[in-house]
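The data block below is work_10.pdb; it holds PDB, C-alpha atoms.
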```pdb
ATOM      1  CA  MET S   1      -9.698  51.965  68.669
ATOM      2  CA  THR S   2     -11.463  54.370  71.000
ATOM      3  CA  ARG S   3     -15.100  55.238  71.572
ATOM      4  CA  GLN S   4     -16.831  57.742  73.824
ATOM      5  CA  THR S   5     -20.306  57.116  75.235
ATOM      6  CA  ALA S   6     -22.135  59.554  77.575
ATOM      7  CA  GLY S   7     -18.860  61.286  78.338
ATOM      8  CA  LYS S   8     -17.150  58.061  79.453
ATOM      9  CA  MET S   9     -14.363  56.753  77.295
ATOM     10  CA  GLN S  10     -14.420  53.085  76.473
ATOM     11  CA  ILE S  11     -11.416  51.587  74.771
ATOM     12  CA  SER S  12     -11.729  48.283  72.946
ATOM     13  CA  GLN S  13      -9.432  45.566  74.178
ATOM     14  CA  THR S  14      -6.446  45.179  71.856
ATOM     15  CA  SER S  15      -3.561  42.794  71.827
ATOM     16  CA  THR S  16      -0.287  44.331  72.975
ATOM     17  CA  ILE S  17       2.738  44.095  70.770
ATOM     18  CA  ASP S  18       5.533  42.496  72.804
ATOM     19  CA  ALA S  19       8.064  45.206  72.130
ATOM     20  CA  ALA S  20       5.644  47.944  73.076
ATOM     21  CA  ARG S  21       4.592  46.093  76.231
ATOM     22  CA  SER S  22       8.166  45.853  77.450
ATOM     23  CA  SER S  23       8.716  49.534  76.755
ATOM     24  CA  LEU S  24       5.869  50.375  79.144
ATOM     25  CA  ALA S  25       7.350  48.512  82.070
ATOM     26  CA  SER S  26       8.336  51.845  83.532
ATOM     27  CA  SER S  27       6.856  55.321  83.630
ATOM     28  CA  GLY S  28       9.556  56.301  81.148
ATOM     29  CA  GLY S  29       8.026  53.773  78.705
ATOM     30  CA  VAL S  30       4.632  55.399  79.061
ATOM     31  CA  ALA S  31       6.165  58.795  78.483
ATOM     32  CA  ALA S  32       8.000  57.564  75.385
ATOM     33  CA  ALA S  33       4.837  55.991  73.940
ATOM     34  CA  THR S  34       2.867  59.160  74.670
ATOM     35  CA  ALA S  35       5.539  61.226  72.967
ATOM     36  CA  ALA S  36       5.360  58.954  69.922
ATOM     37  CA  LEU S  37       1.632  59.603  69.561
ATOM     38  CA  ASN S  38       2.143  63.343  69.944
ATOM     39  CA  ASP S  39       4.997  63.522  67.431
ATOM     40  CA  THR S  40       4.425  65.943  64.565
ATOM     41  CA  THR S  41       7.929  65.978  63.095
ATOM     42  CA  GLY S  42       7.518  62.788  61.075
ATOM     43  CA  SER S  43      10.534  61.241  62.737
ATOM     44  CA  VAL S  44       8.405  58.467  64.276
ATOM     45  CA  GLY S  45       7.153  55.861  61.807
ATOM     46  CA  VAL S  46       3.528  54.735  61.558
ATOM     47  CA  ASP S  47       4.371  51.216  62.735
ATOM     48  CA  GLN S  48       6.099  52.599  65.816
ATOM     49  CA  GLN S  49       3.169  54.893  66.574
ATOM     50  CA  LEU S  50       0.711  52.017  66.186
ATOM     51  CA  SER S  51       2.802  49.936  68.607
ATOM     52  CA  ALA S  52       2.669  52.791  71.115
ATOM     53  CA  TYR S  53      -1.092  53.202  70.597
ATOM     54  CA  HIS S  54      -1.838  49.513  71.158
ATOM     55  CA  ALA S  55       0.364  49.435  74.229
ATOM     56  CA  LEU S  56      -1.218  52.507  75.833
ATOM     57  CA  ALA S  57      -4.739  51.260  75.015
ATOM     58  CA  ASN S  58      -3.955  47.948  76.666
ATOM     59  CA  ARG S  59      -2.502  49.726  79.702
ATOM     60  CA  TRP S  60      -5.563  51.999  79.958
ATOM     61  CA  ASN S  61      -7.822  49.011  80.667
ATOM     62  CA  GLY S  62      -5.954  48.152  83.843
ATOM     63  CA  ALA S  63      -4.833  51.620  84.886
ATOM     64  CA  SER S  64      -5.977  53.580  87.888
ATOM     65  CA  PHE S  65      -8.317  56.551  87.514
ATOM     66  CA  ALA S  66      -5.448  59.000  87.868
ATOM     67  CA  GLU S  67      -3.328  57.245  85.251
ATOM     68  CA  ARG S  68      -6.263  56.987  82.858
ATOM     69  CA  SER S  69      -6.580  60.737  82.928
ATOM     70  CA  ASN S  70      -3.012  61.007  81.682
ATOM     71  CA  LEU S  71      -3.505  58.338  79.008
ATOM     72  CA  THR S  72      -6.750  59.808  77.692
ATOM     73  CA  GLN S  73      -5.078  62.685  75.911
ATOM     74  CA  ALA S  74      -2.680  60.430  74.018
ATOM     75  CA  LEU S  75      -5.397  57.973  73.039
ATOM     76  CA  THR S  76      -8.042  60.492  71.963
ATOM     77  CA  GLU S  77      -6.533  63.921  71.394
ATOM     78  CA  SER S  78      -2.983  63.348  70.194
ATOM     79  CA  PRO S  79      -2.150  63.994  66.512
ATOM     80  CA  PHE S  80      -1.812  60.277  65.838
ATOM     81  CA  ALA S  81      -5.086  59.489  67.611
ATOM     82  CA  LYS S  82      -6.772  61.953  65.255
ATOM     83  CA  THR S  83      -5.033  60.282  62.304
ATOM     84  CA  ILE S  84      -6.535  56.989  63.454
ATOM     85  CA  GLN S  85      -9.993  58.539  63.755
ATOM     86  CA  SER S  86      -9.699  60.017  60.258
ATOM     87  CA  ALA S  87      -8.667  56.659  58.788
ATOM     88  CA  LEU S  88     -11.568  54.908  60.521
ATOM     89  CA  ASN S  89     -14.080  57.489  59.284
ATOM     90  CA  THR S  90     -12.774  57.318  55.721
ATOM     91  CA  PHE S  91     -12.845  53.535  55.619
ATOM     92  CA  THR S  92     -16.199  52.982  57.309
ATOM     93  CA  ARG S  93     -17.921  55.521  55.046
ATOM     94  CA  ALA S  94     -16.448  53.984  51.898
ATOM     95  CA  ALA S  95     -17.143  50.411  53.051
ATOM     96  CA  TRP S  96     -20.840  51.036  53.787
ATOM     97  CA  ALA S  97     -22.842  49.251  51.097
ATOM     98  CA  GLY S  98     -26.249  50.270  52.427
ATOM     99  CA  ALA S  99     -28.704  48.791  54.896
ATOM    100  CA  ASP S 100     -30.396  46.641  52.252
ATOM    101  CA  ALA S 101     -27.212  45.329  50.633
ATOM    102  CA  ALA S 102     -27.024  41.550  50.400
ATOM    103  CA  PRO S 103     -23.905  39.402  50.001
ATOM    104  CA  PRO S 104     -21.608  39.636  48.180
ATOM    105  CA  ALA S 105     -22.160  43.420  47.875
ATOM    106  CA  PRO S 106     -21.008  44.363  51.443
ATOM    107  CA  GLN S 107     -17.914  42.175  51.206
ATOM    108  CA  ARG S 108     -16.969  43.555  47.792
ATOM    109  CA  GLN S 109     -17.584  47.108  49.011
ATOM    110  CA  ALA S 110     -15.285  46.592  52.001
ATOM    111  CA  LEU S 111     -12.495  45.216  49.829
ATOM    112  CA  ASP S 112     -12.813  48.049  47.304
ATOM    113  CA  ALA S 113     -12.880  50.610  50.119
ATOM    114  CA  PHE S 114      -9.694  49.202  51.633
ATOM    115  CA  ASP S 115      -7.911  49.202  48.277
ATOM    116  CA  SER S 116      -8.798  52.878  47.803
ATOM    117  CA  LEU S 117      -7.136  53.957  51.071
ATOM    118  CA  SER S 118      -3.727  55.557  51.315
ATOM    119  CA  GLU S 119      -0.817  53.385  52.403
ATOM    120  CA  THR S 120      -0.856  54.938  55.885
ATOM    121  CA  ASP S 121      -4.601  54.438  56.327
ATOM    122  CA  GLN S 122      -4.333  50.831  55.115
ATOM    123  CA  THR S 123      -1.656  50.181  57.729
ATOM    124  CA  ILE S 124      -3.843  51.689  60.462
ATOM    125  CA  ILE S 125      -7.018  49.812  59.473
ATOM    126  CA  ALA S 126      -5.133  46.520  59.217
ATOM    127  CA  SER S 127      -3.453  47.025  62.570
ATOM    128  CA  LEU S 128      -6.798  47.685  64.245
ATOM    129  CA  GLN S 129      -8.417  44.747  62.413
ATOM    130  CA  VAL S 130     -11.547  46.822  61.730
ATOM    131  CA  GLY S 131     -14.609  44.648  61.292
ATOM    132  CA  VAL S 132     -12.745  41.388  61.899
ATOM    133  CA  SER S 133     -14.321  39.238  64.567
ATOM    134  CA  ASP S 134     -12.132  37.106  66.840
ATOM    135  CA  SER S 135      -9.026  38.936  65.642
ATOM    136  CA  LYS S 136      -5.720  37.849  67.117
ATOM    137  CA  GLY S 137      -4.256  41.328  67.290
ATOM    138  CA  PRO S 138      -2.639  43.697  64.810
ATOM    139  CA  ALA S 139      -2.236  42.410  61.245
ATOM    140  CA  SER S 140      -0.169  43.455  58.257
ATOM    141  CA  VAL S 141      -1.793  45.058  55.229
ATOM    142  CA  SER S 142      -1.458  41.862  53.195
ATOM    143  CA  GLU S 143      -2.941  39.741  56.000
ATOM    144  CA  TYR S 144      -5.911  42.048  56.446
ATOM    145  CA  ARG S 145      -6.569  42.313  52.703
ATOM    146  CA  GLY S 146      -6.371  38.532  52.468
ATOM    147  CA  ARG S 147      -9.053  38.309  55.158
ATOM    148  CA  LEU S 148     -11.300  40.702  53.209
ATOM    149  CA  GLN S 149     -10.692  38.717  50.013
ATOM    150  CA  ALA S 150     -11.528  35.453  51.776
ATOM    151  CA  ASP S 151     -14.734  36.976  53.172
ATOM    152  CA  LEU S 152     -15.760  37.976  49.641
ATOM    153  CA  GLU S 153     -14.960  34.594  48.136
ATOM    154  CA  SER S 154     -16.873  32.776  50.882
ATOM    155  CA  VAL S 155     -20.161  34.424  49.861
ATOM    156  CA  GLN S 156     -19.753  34.284  46.089
ATOM    157  CA  PRO S 157     -22.536  32.292  44.383
ATOM    158  CA  THR S 158     -21.513  28.832  43.211
ATOM    159  CA  PRO S 159     -21.382  28.748  39.405
ATOM    160  CA  ALA S 160     -23.800  26.323  37.787
ATOM    161  CA  GLU S 161     -22.255  23.207  36.307
ATOM    162  CA  PRO S 162     -22.206  23.190  32.494
ATOM    163  CA  ARG S 163     -24.761  20.917  30.853
ATOM    164  CA  ASP S 164     -24.262  18.791  27.742
ATOM    165  CA  SER S 165     -26.184  20.186  24.786
ATOM    166  CA  VAL S 166     -27.628  18.378  21.754
ATOM    167  CA  THR S 167     -28.322  20.105  18.443
ATOM    168  CA  LEU S 168     -31.361  18.734  16.594
ATOM    169  CA  SER S 169     -31.544  18.599  12.836
ATOM    170  CA  ALA S 170     -34.200  20.576  10.977
ATOM    171  CA  GLU S 171     -36.149  17.339  10.325
ATOM    172  CA  ALA S 172     -36.101  16.424  14.042
ATOM    173  CA  GLN S 173     -37.198  19.922  15.063
ATOM    174  CA  ALA S 174     -40.080  19.818  12.578
ATOM    175  CA  HIS S 175     -41.119  16.372  13.823
ATOM    176  CA  LEU S 176     -41.146  17.502  17.432
ATOM    177  CA  ALA S 177     -43.183  20.541  16.430
ATOM    178  CA  GLY S 178     -45.767  18.301  14.771
ATOM    179  CA  GLY S 179     -45.097  19.544  11.251
ATOM    180  CA  ALA S 180     -43.812  17.958   8.142
ATOM    181  CA  ALA S 181     -40.160  17.644   7.636
ATOM    182  CA  PRO S 182     -38.794  20.373   5.397
ATOM    183  CA  ASP S 183     -38.094  19.398   1.797
ATOM    184  CA  ALA S 184     -34.584  18.326   1.234
ATOM    185  CA  ALA S 185     -32.512  20.833  -0.618
ATOM    186  CA  PRO S 186     -32.039  19.908  -4.269
ATOM    187  CA  ALA S 187     -28.762  18.310  -5.032
ATOM    188  CA  ALA S 188     -26.231  20.559  -6.593
ATOM    189  CA  PRO S 189     -25.741  19.920 -10.315
ATOM    190  CA  VAL S 190     -22.713  17.880 -11.219
ATOM    191  CA  ASP S 191     -20.645  18.942 -14.171
ATOM    192  CA  ALA S 192     -20.223  16.128 -16.696
ATOM    193  CA  THR S 193     -16.720  14.913 -17.293
ATOM    194  CA  PRO S 194     -15.475  13.053 -20.388
ATOM    195  CA  GLU S 195     -15.406   9.828 -18.375
ATOM    196  CA  MET S 196     -19.029  10.299 -17.276
ATOM    197  CA  ALA S 197     -20.120  11.057 -20.862
ATOM    198  CA  ALA S 198     -18.485   7.869 -22.156
ATOM    199  CA  ALA S 199     -20.108   5.808 -19.398
ATOM    200  CA  ILE S 200     -23.569   7.252 -20.167
ATOM    201  CA  SER S 201     -23.113   6.582 -23.906
ATOM    202  CA  ALA S 202     -22.060   2.982 -23.263
ATOM    203  CA  TYR S 203     -25.045   2.476 -20.909
ATOM    204  CA  GLY S 204     -27.376   3.789 -23.607
ATOM    205  CA  LYS S 205     -26.073   1.305 -26.160
ATOM    206  CA  VAL S 206     -26.506  -1.600 -23.771
ATOM    207  CA  ALA S 207     -30.037  -0.496 -22.850
ATOM    208  CA  ARG S 208     -31.092  -0.551 -26.520
TER
END
```

Could you write out this file's structure as structure tokens?
Amino acid sequence: MTRQTAGKMQISQTSTIDAARSSLASSGGVAAATAALNDTTGSVGVDQQLSAYHALANRWNGASFAERSNLTQALTESPFAKTIQSALNTFTRAAWAGADAAPPAPQRQALDAFDSLSETDQTIIASLQVGVSDSKGPASVSEYRGRLQADLESVQPTPAEPRDSVTLSAEAQAHLAGGAAPDAAPAAPVDATPEMAAAISAYGKVAR
């Protein structure tokens, strides 16, 4: 990732991919990495261009003034450098939840913004580990998204534990309210059966 302040370029320290580091052991390696960033034919894959970008950025930090002048174009003005800048602008604008946003809104906004990016932009943002503190270097898309998901889950409010509930009867509710208990509902009439009729008749004879 590159930044310019008061006309002086400052490049954030990035971890160098081993393969890209070995390719820069000679001036031919630097030339090959520079060519990868300037490629416009589509013959160089995004992963390969990101490897070249990380390697040149790492070399820039320890390069002489003269060599930095040669690296500056590749890291700030090359077609792939502009692709990186476009991806960063798109993501940071979409991920901004507002100055007054409180968790988990910023974390959810960042995750949604990342999911809305193109596949190429997701690869770039993940490789640069945008917004990730103490990053260990370039990450895959799945690794970076997992980090965003973990950040969101870490600030989610803890759900309240369910409480046991007790349903009071109408009589108990009336008693608690200080009123009289409601009249009991009249019993439903029972249809007489022949057996009940005989029993009632026998009872009547005995009672007399």

Evaluate the PyMOL selection byres ((chain S and resi 128) around 12) on the structure here and hand back the selected residues as a VMD selection string. chain S and resid 1 to 2 12 to 16 47 50 to 51 53 to 54 57 84 to 85 87 to 88 121 to 127 129 to 133 135 to 141 144

Step by step, work through what the PyMOL selection byres ((chain S and resi 109) around 12) selects in the shown file, and finish by giving those residues as a PDB file with C-alpha atoms, in the frame of the given file.
```
ATOM      1  CA  PHE S  91     -12.845  53.535  55.619  1.00  0.00           C
ATOM      2  CA  THR S  92     -16.199  52.982  57.309  1.00  0.00           C
ATOM      3  CA  ARG S  93     -17.921  55.521  55.046  1.00  0.00           C
ATOM      4  CA  ALA S  94     -16.448  53.984  51.898  1.00  0.00           C
ATOM      5  CA  ALA S  95     -17.143  50.411  53.051  1.00  0.00           C
ATOM      6  CA  TRP S  96     -20.840  51.036  53.787  1.00  0.00           C
ATOM      7  CA  ALA S  97     -22.842  49.251  51.097  1.00  0.00           C
ATOM      8  CA  GLY S  98     -26.249  50.270  52.427  1.00  0.00           C
ATOM      9  CA  ALA S 101     -27.212  45.329  50.633  1.00  0.00           C
ATOM     10  CA  ALA S 102     -27.024  41.550  50.400  1.00  0.00           C
ATOM     11  CA  PRO S 103     -23.905  39.402  50.001  1.00  0.00           C
ATOM     12  CA  PRO S 104     -21.608  39.636  48.180  1.00  0.00           C
ATOM     13  CA  ALA S 105     -22.160  43.420  47.875  1.00  0.00           C
ATOM     14  CA  PRO S 106     -21.008  44.363  51.443  1.00  0.00           C
ATOM     15  CA  GLN S 107     -17.914  42.175  51.206  1.00  0.00           C
ATOM     16  CA  ARG S 108     -16.969  43.555  47.792  1.00  0.00           C
ATOM     17  CA  ALA S 110     -15.285  46.592  52.001  1.00  0.00           C
ATOM     18  CA  LEU S 111     -12.495  45.216  49.829  1.00  0.00           C
ATOM     19  CA  ASP S 112     -12.813  48.049  47.304  1.00  0.00           C
ATOM     20  CA  ALA S 113     -12.880  50.610  50.119  1.00  0.00           C
ATOM     21  CA  PHE S 114      -9.694  49.202  51.633  1.00  0.00           C
ATOM     22  CA  ASP S 115      -7.911  49.202  48.277  1.00  0.00           C
ATOM     23  CA  SER S 116      -8.798  52.878  47.803  1.00  0.00           C
ATOM     24  CA  LEU S 148     -11.300  40.702  53.209  1.00  0.00           C
ATOM     25  CA  GLN S 149     -10.692  38.717  50.013  1.00  0.00           C
ATOM     26  CA  ASP S 151     -14.734  36.976  53.172  1.00  0.00           C
ATOM     27  CA  LEU S 152     -15.760  37.976  49.641  1.00  0.00           C
TER      28      LEU S 152
END
```

Practice item. List every protein, DNA or RNA residue that has an atom no more than 12 Å from (2.0, 59.2, 64.7) in the file's coordinate frame, counting all atoms listed in the file, and report them as a PyMOL selection string. Key: chain S and resi 33-53+74-75+77-84+120-121+123-124

Next on the checklist: One number please: atom CA of S:Ala32 to atom CA of S:Leu71, in Å, one decimal.
Outcome noted: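 A separation of 12.1 Å between them.
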